[in-house]
file query-v3.csv (CSV, C-alpha atoms)
chain,number,residue,atom,x,y,z
U,1,MET,CA,0.0,0.0,0.0
U,2,GLY,CA,1.4,3.4,-1.0
U,3,PHE,CA,-0.2,5.5,1.7
U,4,ARG,CA,-1.0,5.3,5.4
U,5,ASN,CA,-4.6,4.5,6.1
U,6,ARG,CA,-6.6,4.8,9.4
U,7,GLU,CA,-5.6,1.3,10.6
U,8,THR,CA,-1.9,2.2,10.0
U,9,TYR,CA,-2.3,5.3,12.2
U,10,GLU,CA,-4.1,3.4,14.9
U,11,GLU,CA,-1.4,0.7,15.0
U,12,GLU,CA,1.3,3.4,15.2
U,13,GLU,CA,-0.6,5.0,18.1
U,14,ARG,CA,-0.7,1.6,20.0
U,15,ARG,CA,3.0,1.1,19.5
U,16,GLY,CA,4.3,4.6,20.0
U,17,LEU,CA,2.1,6.2,22.6
U,18,ALA,CA,2.3,5.7,26.4
U,19,CYS,CA,0.0,3.0,27.8
U,20,TRP,CA,-2.0,5.7,29.6
U,21,ALA,CA,-2.5,7.8,26.4
U,22,ALA,CA,-5.9,8.0,24.6
U,23,CYS,CA,-5.8,5.9,21.5
U,24,ALA,CA,-8.3,6.8,18.7
U,25,ALA,CA,-9.1,3.2,18.1
U,26,ASP,CA,-10.4,2.9,21.7
U,27,SER,CA,-12.6,6.0,21.6
U,28,ALA,CA,-15.9,5.7,23.4
U,29,GLY,CA,-17.4,6.9,20.2
U,30,ARG,CA,-19.8,9.7,19.0
U,31,LEU,CA,-23.3,10.6,19.9
U,32,VAL,CA,-24.5,9.4,16.5
U,33,TYR,CA,-22.6,6.5,14.9
U,34,GLU,CA,-20.6,7.2,11.8
U,35,PRO,CA,-18.6,4.6,9.8
U,36,PRO,CA,-14.8,5.0,10.3
U,37,HIS,CA,-12.9,7.1,7.8
U,38,ALA,CA,-10.6,5.4,5.3
U,39,TYR,CA,-7.4,7.3,6.3
U,40,ARG,CA,-8.1,9.5,9.3
U,41,THR,CA,-8.5,8.5,12.9
U,42,ALA,CA,-11.5,9.5,14.9
U,43,PHE,CA,-9.5,12.3,16.7
U,44,GLN,CA,-8.1,13.5,13.4
U,45,ARG,CA,-11.6,13.9,12.0
U,46,ASP,CA,-12.6,15.8,15.2
U,47,ARG,CA,-9.7,18.2,14.7
U,48,ASP,CA,-10.5,18.8,11.0
U,49,ARG,CA,-14.2,19.4,11.7
U,50,LEU,CA,-13.3,22.1,14.2
U,51,VAL,CA,-11.0,23.9,11.8
U,52,HIS,CA,-13.8,24.1,9.3
U,53,ALA,CA,-16.5,25.2,11.8
U,54,ARG,CA,-18.0,28.7,11.4
U,55,ALA,CA,-17.4,29.3,15.1
U,56,PHE,CA,-13.7,28.7,14.6
U,57,ARG,CA,-13.5,31.3,11.9
U,58,ARG,CA,-15.3,33.8,14.0
U,59,LEU,CA,-12.5,33.7,16.6
U,60,GLU,CA,-10.4,35.9,14.4
U,61,PHE,CA,-12.6,38.9,15.4
U,62,LYS,CA,-13.1,38.1,19.0
U,63,THR,CA,-11.1,39.9,21.7
U,64,GLN,CA,-8.2,38.3,23.6
U,65,VAL,CA,-7.2,41.4,25.6
U,66,PHE,CA,-7.4,44.2,23.0
U,67,VAL,CA,-10.3,44.8,20.6
U,68,HIS,CA,-9.2,43.9,17.1
U,69,LEU,CA,-9.6,47.5,15.9
U,70,GLU,CA,-6.7,48.7,18.1
U,71,ASN,CA,-3.7,47.1,16.3
U,72,ASP,CA,-3.2,44.5,13.7
U,73,HIS,CA,-0.4,42.9,15.7
U,74,TYR,CA,-2.2,42.1,18.9
U,75,ARG,CA,-3.5,38.6,19.5
U,76,ASN,CA,-7.1,37.7,19.0
U,77,ARG,CA,-9.0,34.5,20.0
U,78,LEU,CA,-8.0,32.7,16.9
U,79,THR,CA,-4.3,33.5,17.1
U,80,HIS,CA,-4.4,32.5,20.8
U,81,THR,CA,-6.0,29.2,19.9
U,82,ILE,CA,-3.4,28.5,17.2
U,83,GLU,CA,-0.5,29.3,19.6
U,84,ALA,CA,-2.1,27.2,22.4
U,85,ALA,CA,-2.6,24.3,20.0
U,86,GLN,CA,1.1,24.4,19.1
U,87,VAL,CA,2.1,24.3,22.7
U,88,ALA,CA,-0.3,21.4,23.3
U,89,ARG,CA,1.3,19.4,20.5
U,90,THR,CA,4.8,20.0,21.8
U,91,ILE,CA,3.9,18.8,25.3
U,92,ALA,CA,1.8,15.9,24.1
U,93,ARG,CA,4.6,14.7,21.8
U,94,ALA,CA,7.2,14.9,24.5
U,95,LEU,CA,5.0,12.9,26.9
U,96,ARG,CA,4.0,10.3,24.2
U,97,LEU,CA,0.4,11.4,24.4
U,98,ASN,CA,-2.1,11.7,21.6
U,99,GLU,CA,-1.3,14.9,19.8
U,100,ASP,CA,-4.4,14.9,17.7
U,101,LEU,CA,-6.7,14.8,20.7
U,102,ALA,CA,-4.8,17.4,22.6
U,103,GLU,CA,-4.7,19.7,19.7
U,104,GLY,CA,-8.4,19.2,19.0
U,105,ILE,CA,-9.4,20.1,22.5
U,106,VAL,CA,-7.4,23.3,22.3
U,107,LEU,CA,-9.0,24.2,18.9
U,108,ALA,CA,-12.4,23.8,20.5
U,109,HIS,CA,-11.8,25.3,23.9
U,110,ASP,CA,-12.7,29.0,23.1
U,111,LEU,CA,-15.4,28.5,20.5
U,112,GLY,CA,-18.0,29.5,23.1
U,113,HIS,CA,-16.3,32.8,24.0
U,114,THR,CA,-18.5,35.9,23.7
U,115,PRO,CA,-17.5,39.0,21.9
U,116,PHE,CA,-15.0,41.1,23.9
U,117,GLY,CA,-13.7,38.1,25.8
U,118,HIS,CA,-14.3,37.6,29.5
U,119,ALA,CA,-16.0,41.0,29.8
U,120,GLY,CA,-18.8,39.8,27.6
U,121,GLU,CA,-18.9,36.5,29.3
U,122,ALA,CA,-19.4,38.1,32.7
U,123,VAL,CA,-22.3,40.2,31.5
U,124,LEU,CA,-24.1,37.2,29.9
U,125,ASP,CA,-23.5,35.2,33.0
U,126,GLU,CA,-25.2,37.9,35.1
U,127,LEU,CA,-28.1,38.3,32.7
U,128,MET,CA,-28.7,34.6,32.5
U,129,GLU,CA,-28.4,34.1,36.3
U,130,ASN,CA,-32.0,32.9,36.7
U,131,ASP,CA,-31.7,30.6,33.7
U,132,GLY,CA,-28.6,28.6,34.5
U,133,GLY,CA,-25.9,31.3,33.9
U,134,PHE,CA,-23.3,31.4,31.1
U,135,ASP,CA,-19.9,29.7,30.9
U,136,HIS,CA,-17.8,29.8,27.8
U,137,ASN,CA,-16.5,26.2,28.2
U,138,ARG,CA,-20.1,24.9,28.4
U,139,GLN,CA,-21.0,27.1,25.5
U,140,SER,CA,-18.2,25.6,23.5
U,141,LEU,CA,-19.7,22.2,24.1
U,142,ARG,CA,-23.1,23.6,23.1
U,143,ILE,CA,-21.7,24.8,19.8
U,144,VAL,CA,-20.1,21.5,18.8
U,145,ASP,CA,-23.1,19.5,20.0
U,146,LEU,CA,-26.0,21.7,18.7
U,147,LEU,CA,-25.3,25.0,17.1
U,148,GLU,CA,-23.0,24.1,14.2
U,149,ASP,CA,-25.3,22.8,11.4
U,150,ARG,CA,-23.1,21.2,8.8
U,151,TYR,CA,-24.5,17.7,8.5
U,152,PRO,CA,-27.8,16.2,7.4
U,153,ASP,CA,-28.0,13.4,10.0
U,154,PHE,CA,-27.2,15.2,13.3
U,155,CYS,CA,-26.9,18.6,14.9
U,156,GLY,CA,-23.5,19.9,15.8
U,157,LEU,CA,-20.2,18.3,14.8
U,158,ASN,CA,-20.8,14.9,16.4
U,159,LEU,CA,-17.3,14.8,18.0
U,160,THR,CA,-15.9,11.9,20.0
U,161,ALA,CA,-16.6,11.6,23.7
U,162,GLU,CA,-13.0,12.2,24.6
U,163,LEU,CA,-12.8,15.5,22.9
U,164,ARG,CA,-16.2,16.6,24.3
U,165,GLU,CA,-15.0,15.7,27.8
U,166,GLY,CA,-11.9,17.8,27.2
U,167,ILE,CA,-14.0,20.8,26.4
U,168,LEU,CA,-16.1,20.5,29.5
U,169,LYS,CA,-13.6,21.5,32.1
U,170,HIS,CA,-15.7,23.8,34.3
U,171,GLY,CA,-19.4,23.5,33.3
U,172,CYS,CA,-22.3,25.2,34.9
U,173,GLN,CA,-25.9,24.6,35.9
U,174,TRP,CA,-27.9,25.0,32.7
U,175,SER,CA,-29.2,22.0,30.9
U,176,HIS,CA,-27.5,20.6,27.8
U,177,PRO,CA,-29.4,19.5,24.7
U,178,VAL,CA,-27.8,16.0,24.5
U,179,ASP,CA,-26.2,13.6,27.0
U,180,LEU,CA,-23.0,15.0,28.5
U,181,PRO,CA,-19.8,13.0,27.9
U,182,PRO,CA,-18.9,10.6,30.8
U,183,LEU,CA,-16.9,12.3,33.5
U,184,PHE,CA,-14.2,10.6,35.6
U,185,PRO,CA,-12.1,11.5,38.6
U,186,GLN,CA,-9.2,12.0,36.3
U,187,ARG,CA,-9.6,13.5,32.8
U,188,THR,CA,-7.4,12.2,30.0
U,189,LEU,CA,-3.9,13.5,30.2
U,190,GLU,CA,-4.5,15.1,26.8
U,191,ALA,CA,-7.3,17.2,28.3
U,192,GLN,CA,-5.1,18.2,31.1
U,193,VAL,CA,-2.3,19.1,28.7
U,194,ALA,CA,-4.8,21.2,26.7
U,195,ASP,CA,-5.7,23.2,29.8
U,196,CYS,CA,-2.1,23.9,30.7
U,197,ALA,CA,-1.3,24.8,27.1
U,198,ASP,CA,-4.1,27.4,27.1
U,199,GLU,CA,-2.6,28.9,30.3
U,200,ILE,CA,1.0,28.9,29.0
U,201,ALA,CA,0.0,30.4,25.7
U,202,TYR,CA,-1.9,33.3,27.1
U,203,LEU,CA,0.8,34.1,29.7
U,204,HIS,CA,3.3,34.1,26.8
U,205,HIS,CA,1.4,36.3,24.4
U,206,ASP,CA,-0.3,38.6,26.9
U,207,LEU,CA,3.2,39.6,28.1
U,208,ASP,CA,4.2,40.2,24.5
U,209,ASP,CA,1.1,42.3,23.7
U,210,GLY,CA,1.4,44.2,27.0
U,211,LEU,CA,4.9,45.2,26.3
U,212,ARG,CA,4.2,46.0,22.7
U,213,SER,CA,1.3,48.3,23.8
U,214,GLY,CA,3.4,50.1,26.4
U,215,LEU,CA,1.0,49.2,29.2
U,216,LEU,CA,3.7,46.9,30.7
U,217,THR,CA,7.3,48.0,31.1
U,218,LEU,CA,10.5,46.1,31.6
U,219,ASP,CA,11.0,47.8,34.9
U,220,LEU,CA,7.7,46.4,36.2
U,221,LEU,CA,8.6,42.9,35.0
U,222,GLU,CA,11.9,42.9,37.0
U,223,SER,CA,9.9,41.8,40.0
U,224,GLN,CA,8.8,38.6,38.4
U,225,ASP,CA,10.8,35.4,39.0
U,226,LEU,CA,9.8,33.8,35.7
U,227,TRP,CA,10.8,36.9,33.8
U,228,LYS,CA,14.2,37.0,35.5
U,229,ARG,CA,14.8,33.4,34.7
U,230,ALA,CA,13.9,33.9,31.1
U,231,GLN,CA,16.3,36.9,30.9
U,232,VAL,CA,19.2,34.8,32.1
U,233,ASN,CA,18.4,32.1,29.5
U,234,ARG,CA,18.0,34.6,26.7
U,235,ARG,CA,21.2,36.4,27.5
U,236,ALA,CA,23.1,33.1,27.5
U,237,ASP,CA,21.9,32.5,24.0
U,238,LEU,CA,22.1,35.9,22.4
U,239,GLY,CA,24.3,38.2,24.4
U,240,ALA,CA,23.2,41.6,26.0
U,241,ASP,CA,23.5,44.0,23.0
U,242,ASP,CA,20.5,42.9,20.9
U,243,SER,CA,17.7,45.3,20.0
U,244,PHE,CA,14.8,45.9,22.3
U,245,SER,CA,12.4,44.2,19.9
U,246,VAL,CA,14.6,41.1,19.6
U,247,ALA,CA,15.4,41.0,23.4
U,248,ARG,CA,11.7,41.2,24.2
U,249,THR,CA,10.7,38.5,21.8
U,250,GLN,CA,13.5,36.2,22.8
U,251,THR,CA,13.0,36.7,26.5
U,252,ILE,CA,9.3,35.9,26.2
U,253,GLY,CA,10.2,32.9,24.1
U,254,ALA,CA,12.6,31.7,26.8
U,255,LEU,CA,9.8,32.1,29.3
U,256,LEU,CA,7.6,29.9,27.2
U,257,ASP,CA,10.3,27.3,27.0
U,258,THR,CA,10.8,27.4,30.7
U,259,LEU,CA,7.1,26.7,31.3
U,260,ASN,CA,6.9,24.0,28.7
U,261,THR,CA,10.0,22.2,29.9
U,262,ASP,CA,9.0,22.3,33.6
U,263,LEU,CA,5.6,21.0,32.8
U,264,ILE,CA,7.0,18.1,30.8
U,265,GLN,CA,9.6,17.2,33.4
U,266,GLU,CA,7.3,17.5,36.4
U,267,THR,CA,4.5,15.5,34.7
U,268,SER,CA,7.0,12.8,33.7
U,269,ARG,CA,8.3,12.7,37.3
U,270,ARG,CA,4.8,12.2,38.6
U,271,LEU,CA,4.0,9.4,36.1
U,272,ASP,CA,7.3,7.7,36.8
U,273,ALA,CA,6.7,7.8,40.6
U,274,ASP,CA,3.3,6.1,40.4
U,275,PRO,CA,2.7,4.9,36.8
U,276,PRO,CA,-0.8,3.8,35.9
U,277,SER,CA,-1.0,0.6,33.8
U,278,SER,CA,-3.6,1.9,31.4
U,279,LEU,CA,-5.9,4.9,30.7
U,280,ALA,CA,-8.7,3.1,32.5
U,281,GLU,CA,-6.5,3.0,35.7
U,282,LEU,CA,-5.4,6.6,35.3
U,283,ARG,CA,-9.0,7.7,35.1
U,284,THR,CA,-9.6,6.4,38.6
U,285,CYS,CA,-6.8,8.5,40.2
U,286,GLU,CA,-7.9,11.5,42.2
U,287,VAL,CA,-4.8,13.7,41.9
U,288,PRO,CA,-4.0,15.2,38.4
U,289,PHE,CA,-0.8,14.1,36.9
U,290,VAL,CA,-0.2,17.0,34.6
U,291,GLY,CA,1.2,20.1,36.3
U,292,PHE,CA,4.2,22.3,37.1
U,293,SER,CA,6.8,21.9,39.8
U,294,PRO,CA,5.9,23.7,43.1
U,295,GLU,CA,8.6,26.4,42.5
U,296,VAL,CA,7.5,27.2,38.9
U,297,ASP,CA,3.8,26.9,39.8
U,298,LEU,CA,4.3,29.6,42.5
U,299,ALA,CA,6.2,31.8,40.0
U,300,LYS,CA,3.4,31.2,37.4
U,301,ARG,CA,0.7,32.2,39.8
U,302,GLU,CA,2.6,35.3,40.8
U,303,LEU,CA,2.9,36.2,37.1
U,304,LYS,CA,-0.8,35.7,36.6
U,305,SER,CA,-1.5,38.0,39.5
U,306,PHE,CA,0.9,40.6,38.1
U,307,LEU,CA,-0.8,40.6,34.7
U,308,SER,CA,-4.2,40.9,36.4
U,309,GLN,CA,-3.1,43.9,38.4
U,310,ASN,CA,-1.0,45.7,35.8
U,311,PHE,CA,-2.4,44.7,32.5
U,312,TYR,CA,-6.0,43.2,32.6
U,313,HIS,CA,-7.0,45.9,35.0
U,314,HIS,CA,-5.0,48.8,33.5
U,315,PRO,CA,-7.3,51.8,33.0
U,316,HIS,CA,-6.9,51.6,29.2
U,317,VAL,CA,-8.1,48.0,29.2
U,318,LEU,CA,-10.8,48.7,31.7
U,319,ARG,CA,-12.3,51.4,29.5
U,320,ARG,CA,-12.6,48.9,26.7
U,321,THR,CA,-14.1,46.4,29.2
U,322,ARG,CA,-16.8,48.9,30.3
U,323,LYS,CA,-17.8,49.6,26.7
U,324,ALA,CA,-18.0,45.9,26.0
U,325,GLU,CA,-20.2,45.4,29.0
U,326,TRP,CA,-22.6,48.1,27.8
U,327,ILE,CA,-22.7,46.7,24.3
U,328,VAL,CA,-23.5,43.1,25.3
U,329,GLY,CA,-25.9,44.2,28.0
U,330,ASP,CA,-27.8,46.6,25.7
U,331,LEU,CA,-28.1,44.0,23.0
U,332,PHE,CA,-29.5,41.4,25.3
U,333,LYS,CA,-32.1,43.8,26.8
U,334,THR,CA,-33.0,45.2,23.4
U,335,TYR,CA,-33.6,41.7,21.9
U,336,ARG,CA,-35.6,40.6,25.0
U,337,ASP,CA,-37.8,43.7,24.8
U,338,ASP,CA,-38.4,43.2,21.0
U,339,PRO,CA,-37.6,39.7,19.8
U,340,MET,CA,-38.7,40.6,16.3
U,341,LEU,CA,-35.3,42.4,16.0
U,342,LEU,CA,-33.7,38.9,16.0
U,343,PRO,CA,-33.2,36.8,12.9
U,344,ALA,CA,-36.0,34.4,12.2
U,345,ASN,CA,-33.8,31.3,12.7
U,346,VAL,CA,-33.1,32.5,16.3
U,347,ARG,CA,-36.8,33.1,17.1
U,348,THR,CA,-37.7,29.6,15.8
U,349,ARG,CA,-35.5,28.2,18.6
U,350,PHE,CA,-37.5,29.9,21.4
U,351,ALA,CA,-39.9,27.0,21.9
U,352,ARG,CA,-37.1,24.3,22.0
U,353,GLU,CA,-34.3,26.2,23.8
U,354,GLY,CA,-36.1,28.9,25.7
U,355,GLU,CA,-36.1,32.6,24.7
U,356,LEU,CA,-33.3,33.7,27.0
U,357,ARG,CA,-31.0,30.8,26.0
U,358,ALA,CA,-31.6,31.4,22.3
U,359,ILE,CA,-30.8,35.1,22.7
U,360,SER,CA,-27.7,34.2,24.7
U,361,ASP,CA,-26.6,31.8,22.0
U,362,TYR,CA,-27.0,34.5,19.3
U,363,ILE,CA,-25.0,37.2,21.2
U,364,ALA,CA,-22.3,34.7,22.3
U,365,GLY,CA,-21.7,33.9,18.7
U,366,MET,CA,-21.1,37.4,17.6
U,367,THR,CA,-17.7,38.8,16.7
U,368,ASP,CA,-16.6,42.1,18.3
U,369,ARG,CA,-17.2,44.1,15.1
U,370,PHE,CA,-20.6,42.5,14.5
U,371,ALA,CA,-21.7,43.3,18.0
U,372,MET,CA,-20.5,46.9,17.7
U,373,ASP,CA,-22.2,47.3,14.3
U,374,GLU,CA,-25.5,45.8,15.6
U,375,HIS,CA,-25.4,48.0,18.7
U,376,GLN,CA,-25.0,51.1,16.6
U,377,LYS,CA,-27.8,50.1,14.2
U,378,LEU,CA,-30.2,49.3,17.0
U,379,LEU,CA,-29.4,52.0,19.5
U,380,ASP,CA,-27.8,54.9,17.7
U,381,PRO,CA,-30.5,57.3,16.5
U,382,HIS,CA,-28.2,58.7,13.9
U,383,ALA,CA,-27.2,55.4,12.4
U,384,PRO,CA,-28.4,54.8,8.9

call {"tool": "encode", "arguments": {"input": "query-v3.csv", "output": "structure tokens"}}
result
Amino acid sequence: MGFRNRETYEEEERRGLACWAACAADSAGRLVYEPPHAYRTAFQRDRDRLVHARAFRRLEFKTQVFVHLENDHYRNRLTHTIEAAQVARTIARALRLNEDLAEGIVLAHDLGHTPFGHAGEAVLDELMENDGGFDHNRQSLRIVDLLEDRYPDFCGLNLTAELREGILKHGCQWSHPVDLPPLFPQRTLEAQVADCADEIAYLHHDLDDGLRSGLLTLDLLESQDLWKRAQVNRRADLGADDSFSVARTQTIGALLDTLNTDLIQETSRRLDADPPSSLAELRTCEVPFVGFSPEVDLAKRELKSFLSQNFYHHPHVLRRTRKAEWIVGDLFKTYRDDPMLLPANVRTRFAREGELRAISDYIAGMTDRFAMDEHQKLLDPHAP
């Protein structure tokens, strides 16, 4: 045979992955049965479906920290997702885990984010308080299970149970349109890697964007242990006379490498100390295996606190946050007062999903620019 088919990939996974990794051939399956693909594993099909989803494309115009109109170089939800997926593949490969599953979970993890990032999410959660609340992880699962409509035989993308489990890391109280994936004391290591890759990626690029914007300064960062470590590693490689732009980029890259390396080494240490014999045994363990060493974990939490105080709550960012809250809140109240302003396909879901949940779905799916345009059209008396 001149090409690798699905069975070849599945056999390579069995031979090459760790015994506690998730193998595609052993997947618990999909909500609706589909015949296996000729040359793609179940997890590879999941990943590809996510890349082609409308919700994935909309991430390009959803806020990470800065609204996309502010600068072409700042990260958005799509670039964040791509960077996090790259981190997840690096870690999964080093730990002999299933790269396709880890990458797929990361590609899906932010699909449910509202316009304007966490600011929009907080507003929707408050407005939906009496109807179960709002959580972007649960909304991501709602998108892949219900709201994407690409197939004739089922709603959503009909992803595997393992990928759906990886999306649902927090959850909330509102009902779900289909059965939730099975939950275990220990999630797959691929799901745990995806969570850590998300955190590593945003620490890395939020530092970069903060420095690029001028809201963060090198003097401020001198208080951070991870930054100082990264500077030492960067200078050892490049010397001290490189330009500010190169120094910034390389120092942040060294910080990324520090986090990746520590996570790989600490996770490997934990697995070596008490190795499970299979994925089934691993799932029964109560304490997560994937994590950072105590020293690096403390430094990471200090860096997150630093970013919260000096970047995410910077007056410039908070001004944007307040505007985002007004836009999302105004849209929700306007649609609730006059549902005829909603598209017909949204109104037809009132009976099945409930009016508030259908409105929430519609707003959560908006990009920043669509939400701003819609707000102007509906509420600006001077808009055409």

call {"tool": "closest_residue", "arguments": {"input": "query-v3.csv", "among": "U:Asp330, U:Asp225, U:Glu103, U:Asp361", "to": "His136 (chain U)", "atoms": "only C-alpha atoms"}}
result
U:Asp361

call {"tool": "atom_distance", "arguments": {"input": "query-v3.csv", "atom1": "CA of Arg269 (chain U)", "atom2": "CA of Thr251 (chain U)"}}
result
26.7 Å

call {"tool": "atom_distance", "arguments": {"input": "query-v3.csv", "atom1": "CA of Arg369 (chain U)", "atom2": "CA of Thr321 (chain U)"}}
result
14.6 Å

call {"tool": "closest_residue", "arguments": {"input": "query-v3.csv", "among": "U:Pro177, U:Pro315, U:Pro381, U:Gly253", "to": "Leu31 (chain U)", "atoms": "only C-alpha atoms"}}
result
U:Pro177

call {"tool": "atom_distance", "arguments": {"input": "query-v3.csv", "atom1": "CA of Pro115 (chain U)", "atom2": "CA of Arg320 (chain U)"}}
result
12.0 Å

call {"tool": "residues_around", "arguments": {"input": "query-v3.csv", "residues": "Glu34 (chain U)", "least_positions_apart": "2", "cutoff": "12 Å", "atoms": "only C-alpha atoms", "output": "PyMOL selection string"}}
result
chain U and resi 29-32+36-37+42+45+151+153-154+157-160

call {"tool": "residues_around", "arguments": {"input": "query-v3.csv", "residues": "Gln376 (chain U)", "least_positions_apart": "5", "cutoff": "12 Å", "atoms": "all atoms listed in the file", "output": "list in words"}}
result
Trp326, Ile327, Val328, Asp330, Leu331, Arg369, Phe370, Ala371, Pro381, His382, Ala383 and Pro384 of chain U

call {"tool": "write_last_selection", "arguments": {"input": "query-v3.csv", "atoms": "C-alpha atoms", "output": "compact mmCIF listing (two decimals), keeping the file's coordinate frame"}}
result
# COMPACT_ATOMS: atom_id res chain seq x y z
CA TRP U 326 -22.60 48.10 27.80
CA ILE U 327 -22.70 46.70 24.30
CA VAL U 328 -23.50 43.10 25.30
CA ASP U 330 -27.80 46.60 25.70
CA LEU U 331 -28.10 44.00 23.00
CA ARG U 369 -17.20 44.10 15.10
CA PHE U 370 -20.60 42.50 14.50
CA ALA U 371 -21.70 43.30 18.00
CA PRO U 381 -30.50 57.30 16.50
CA HIS U 382 -28.20 58.70 13.90
CA ALA U 383 -27.20 55.40 12.40
CA PRO U 384 -28.40 54.80 8.90

call {"tool": "residues_around", "arguments": {"input": "query-v3.csv", "residues": "region 271-287 of chain U", "least_positions_apart": "2", "cutoff": "6 Å", "atoms": "only C-alpha atoms", "output": "PyMOL selection string"}}
result
chain U and resi 19-20+184-186+268-269

call {"tool": "closest_residue", "arguments": {"input": "query-v3.csv", "among": "U:Ala102, U:Ala364, U:Leu226, U:Val193", "to": "Asp257 (chain U)", "atoms": "all atoms listed in the file"}}
result
U:Leu226

call {"tool": "residues_around", "arguments": {"input": "query-v3.csv", "residues": "region 51-65 of chain U", "least_positions_apart": "5", "cutoff": "8 Å", "atoms": "all atoms listed in the file", "output": "PyMOL selection string"}}
result
chain U and resi 75-80+107-108+111+113-117+143+148+206+312+317+365-369

call {"tool": "residues_around", "arguments": {"input": "query-v3.csv", "residues": "Leu218 (chain U)", "least_positions_apart": "4", "cutoff": "9 Å", "atoms": "only C-alpha atoms", "output": "number ranges by chain"}}
result
U: 211, 222, 248

call {"tool": "residues_near_point", "arguments": {"input": "query-v3.csv", "point": "(-10.7, 10.7, 12.2)", "cutoff": "12 Å", "atoms": "only C-alpha atoms", "output": "tab-separated table (two decimals) with C-alpha atoms, keeping the file's coordinate frame"}}
result
chain	number	residue	atom	x	y	z
U	5	ASN	CA	-4.60	4.50	6.10
U	6	ARG	CA	-6.60	4.80	9.40
U	7	GLU	CA	-5.60	1.30	10.60
U	9	TYR	CA	-2.30	5.30	12.20
U	10	GLU	CA	-4.10	3.40	14.90
U	23	CYS	CA	-5.80	5.90	21.50
U	24	ALA	CA	-8.30	6.80	18.70
U	25	ALA	CA	-9.10	3.20	18.10
U	27	SER	CA	-12.60	6.00	21.60
U	29	GLY	CA	-17.40	6.90	20.20
U	30	ARG	CA	-19.80	9.70	19.00
U	34	GLU	CA	-20.60	7.20	11.80
U	35	PRO	CA	-18.60	4.60	9.80
U	36	PRO	CA	-14.80	5.00	10.30
U	37	HIS	CA	-12.90	7.10	7.80
U	38	ALA	CA	-10.60	5.40	5.30
U	39	TYR	CA	-7.40	7.30	6.30
U	40	ARG	CA	-8.10	9.50	9.30
U	41	THR	CA	-8.50	8.50	12.90
U	42	ALA	CA	-11.50	9.50	14.90
U	43	PHE	CA	-9.50	12.30	16.70
U	44	GLN	CA	-8.10	13.50	13.40
U	45	ARG	CA	-11.60	13.90	12.00
U	46	ASP	CA	-12.60	15.80	15.20
U	47	ARG	CA	-9.70	18.20	14.70
U	48	ASP	CA	-10.50	18.80	11.00
U	49	ARG	CA	-14.20	19.40	11.70
U	50	LEU	CA	-13.30	22.10	14.20
U	100	ASP	CA	-4.40	14.90	17.70
U	101	LEU	CA	-6.70	14.80	20.70
U	104	GLY	CA	-8.40	19.20	19.00
U	158	ASN	CA	-20.80	14.90	16.40
U	159	LEU	CA	-17.30	14.80	18.00
U	160	THR	CA	-15.90	11.90	20.00
U	163	LEU	CA	-12.80	15.50	22.90
